[in-house]
Amino acid sequence: MVIAPPPSRGTPDTGTSADVLRVTNLGVRVDKVPILENVSFQVRRGTTLSIVGPNGAGKTTLFRVLLGLVPHTGTVEWSGPVRIGYVPQHFAVTDVPITVRDFLSFKREAGFEESLAAVGLEAGVLRKRLDVLSGGEMQRVLIAWAVLDRPNVLLFDEPTATVDIGSEDMLYEALNRLEKESNITVLLITHDIHIASRYSDAVLALNRTVRFFGAPSRLSEPNLLMEIFGSGSGLAEHKHDLGSRGFR
Amino acid sequence: MTEVAVYSLVAGISVGFAGGYVGSLMVLKRMALVGDALSHVALPGLALGILFNFNPFLGAFAFLFSAAVLTWYIEKTTRLFPEAIIGVLFVTALAVGILLTPEVDLLEALFGDITTVSLVDALLAVGISAPIVVVARLVYRRVVLSILSEELARSTGINVALVNFVYLFLVTVVVAVGIKIVGTVLVGALVVVPAAAMKNVSRNLSSYALLSGLTGTVSAGSGILLANYLGLPAGPLVVTVGTAIFAGALVAHRIAS
């Protein structure tokens, strides 16, 4: 997989024809309060961009812009036909009589087994109600939902925020497999700096504006981390040996 | 059985099914009490119909529809929850309705009167209930997905505002038709109780919608038959039968789990 050339800190390059997404001078205001300002970056087709930053940095808002859900200034240009699969940060189902089959059929009438197998779930899960699934199963069902109509871009908003460490392993293995097999472009919001540095081709650090846009290897620089997250960084460091999972 | 009883039974069964079916979405949307409150908004419309001698159903529908549009618009453009908006509309409409409605007609407006159901009323109930169920079935999945996650729904291209509007419109129509059977006070129960009864015993979404509709049919049909035999008002009996089914489903679910 091609790694995006690392541009200098905070000054993204001008983009190329290989870009699947080009965002220029993006701004979002809610009740006159700036949430995102002057955000510019590009994503190459078939690569993974991790988006990191402290809480309230505007990461989820950026995804909402990319999904066309939020009014904004600046430009968001997708190159070619784009089918986006999306996994939201919060998806809690309580006391709703809806099965996994019901849920997946909202998007497509058939072909569930293939998507479920891609995330390591058996077809038997189709009969289960969503409100009895474990956190890990729910997240994998959401990923199966996201890949059901064979998207070429996936947006994941902290896909492992609500799952235990064991389930996280399985989730990232599933994501890794999907990415390799399908050559899709992945945009991943994460608080886990190790996931960002090992799993991505490029990293976008946000805190209302772009604090860093470049190669993930730079995330090992303490000064850069301090600049992105501040002194009380709040970033997550995982104790897994990610290399043993086959991540880059 | 008299002709009027047959007409009321036909009207009750069809409105019961439509009410239960649409109500299954209201319960999922946690708008059960909103539906109840919304029904009271019909009162000034009924009063105007009675006062100016036109079909009170039309007046009720006009007021309900206006309230639904207003609720939808305020919800879409402000951060107020529907409960708050409906709460304000409900008390205002109830106050205006009671002031406008002639005292002699107030009881019928509040609690319905199946002894005045005509052939036209019955045909109207069937003719309106059937398309309500068809449209509800068409938008059902989209409404449920927007309940589960508005972002996820919008990311799949669903126009959540439009879907919510269609849903509110269906609620409005079914409440307006149901008023004739059980009155403005109890029509909320016609849409809420069947769905509340079936929510925990349904294995999947389609069985939930269908069972809610059937429970509405059984409640309305049994309540009207009992009213005929006992000489009691139908509205409270329809609700009582529905509540008995609710209690039964609750016990069955407890035993099963």
# chains A, B, ... in the order shown; residues from 1 in each chain; ligands from 1
call {"tool": "residues_around", "arguments": {"residues": "Asn152 (chain A)", "least_positions_apart": "3", "cutoff": "9 Å", "atoms": "only C-alpha atoms", "output": "list of chain:residue names"}}
result
A:Arg45, A:Gly46, A:Pro81, A:Val82, A:Arg83, A:Ile84, A:Gly85, A:Val147, A:Ser182, A:Asn183, A:Ile184, A:Thr185, A:Val186
call {"tool": "closest_atom_pairs", "arguments": {"of": "chain B", "to": "chain A", "cutoff": "9 Å", "atoms": "only C-alpha atoms", "output": "Markdown table"}}
result
| residue | atom | partner | partner_atom | distance |
| --- | --- | --- | --- | --- |
| B:Leu28 | CA | A:Val96 | CA | 6.7 |
| B:Arg141 | CA | A:Phe106 | CA | 6.2 |
| B:Arg142 | CA | A:Phe106 | CA | 7.5 |
| B:Leu145 | CA | A:Phe106 | CA | 7.4 |
| B:Leu148 | CA | A:Val93 | CA | 6.7 |
| B:Ser149 | CA | A:Phe91 | CA | 6.6 |
| B:Glu151 | CA | A:Pro88 | CA | 7.4 |
| B:Leu152 | CA | A:Pro88 | CA | 6.9 |
| B:Arg154 | CA | A:Leu69 | CA | 7.2 |
| B:Ser155 | CA | A:Leu67 | CA | 6.0 |
| B:Thr156 | CA | A:Lys107 | CA | 7.7 |
| B:Lys199 | CA | A:Pro97 | CA | 6.4 |
| B:Asn200 | CA | A:Pro97 | CA | 7.1 |
| B:Val201 | CA | A:Pro97 | CA | 8.4 |
| B:Ser202 | CA | A:Pro97 | CA | 6.2 |
| B:Arg203 | CA | A:Pro97 | CA | 6.2 |
| B:Asn204 | CA | A:Ile98 | CA | 5.0 |
| B:Leu205 | CA | A:Ile98 | CA | 5.0 |
| B:Ser206 | CA | A:Asp102 | CA | 8.3 |
| B:Ser207 | CA | A:Pro97 | CA | 8.9 |
| B:Tyr208 | CA | A:Pro97 | CA | 6.9 |
call {"tool": "closest_residue", "arguments": {"among": "B:Tyr21, B:Val187, B:Thr78, B:Gly59", "to": "Val139 (chain B)", "atoms": "only C-alpha atoms"}}
result
B:Tyr21
call {"tool": "closest_residue", "arguments": {"among": "B:Val166, B:Ile158, B:Val192, B:Ala252", "to": "Ser146 (chain B)", "atoms": "only C-alpha atoms"}}
result
B:Ile158
call {"tool": "residues_around", "arguments": {"residues": "region 122-138 of chain B", "least_positions_apart": "5", "cutoff": "10 Å", "atoms": "only C-alpha atoms", "output": "MDAnalysis selection string"}}
result
chainID B and resid 4 6:22 25 117 143 166:167 169:171 173:174 176:178 180:181 206 209 213
call {"tool": "select_by_dssp", "arguments": {"residues": "region 2-246 of chain A", "states": "strand (DSSP E or B)", "output": "NGL selection string"}}
result
:A and (19-30 or 33-44 or 48-52 or 73-78 or 84-87 or 99 or 129 or 153-157 or 185-189 or 192 or 202-207 or 209-214 or 236)
call {"tool": "residues_around", "arguments": {"residues": "Val239 (chain B)", "least_positions_apart": "3", "cutoff": "7 Å", "atoms": "only C-alpha atoms", "output": "list in words"}}
result
Ala189, Leu190, Gly235, Pro236, Gly242 and Thr243 of chain B
call {"tool": "write_last_selection", "arguments": {"atoms": "N, CA and C atoms", "output": "compact mmCIF listing (two decimals), in the first residue's frame"}}
result
# COMPACT_ATOMS: atom_id res chain seq x y z
N ALA B 189 -54.66 5.88 23.42
CA ALA B 189 -54.51 4.50 23.86
C ALA B 189 -54.67 3.53 22.69
N LEU B 190 -55.50 3.90 21.72
CA LEU B 190 -55.73 3.03 20.56
C LEU B 190 -54.43 2.80 19.78
N GLY B 235 -65.44 3.28 23.88
CA GLY B 235 -64.07 3.78 24.04
C GLY B 235 -63.34 3.17 25.23
N PRO B 236 -63.92 3.32 26.43
CA PRO B 236 -63.24 2.76 27.60
C PRO B 236 -63.09 1.24 27.52
N GLY B 242 -57.53 -3.73 25.44
CA GLY B 242 -56.12 -3.53 25.06
C GLY B 242 -55.20 -3.67 26.25
N THR B 243 -55.61 -3.09 27.37
CA THR B 243 -54.79 -3.15 28.58
C THR B 243 -54.71 -4.57 29.11
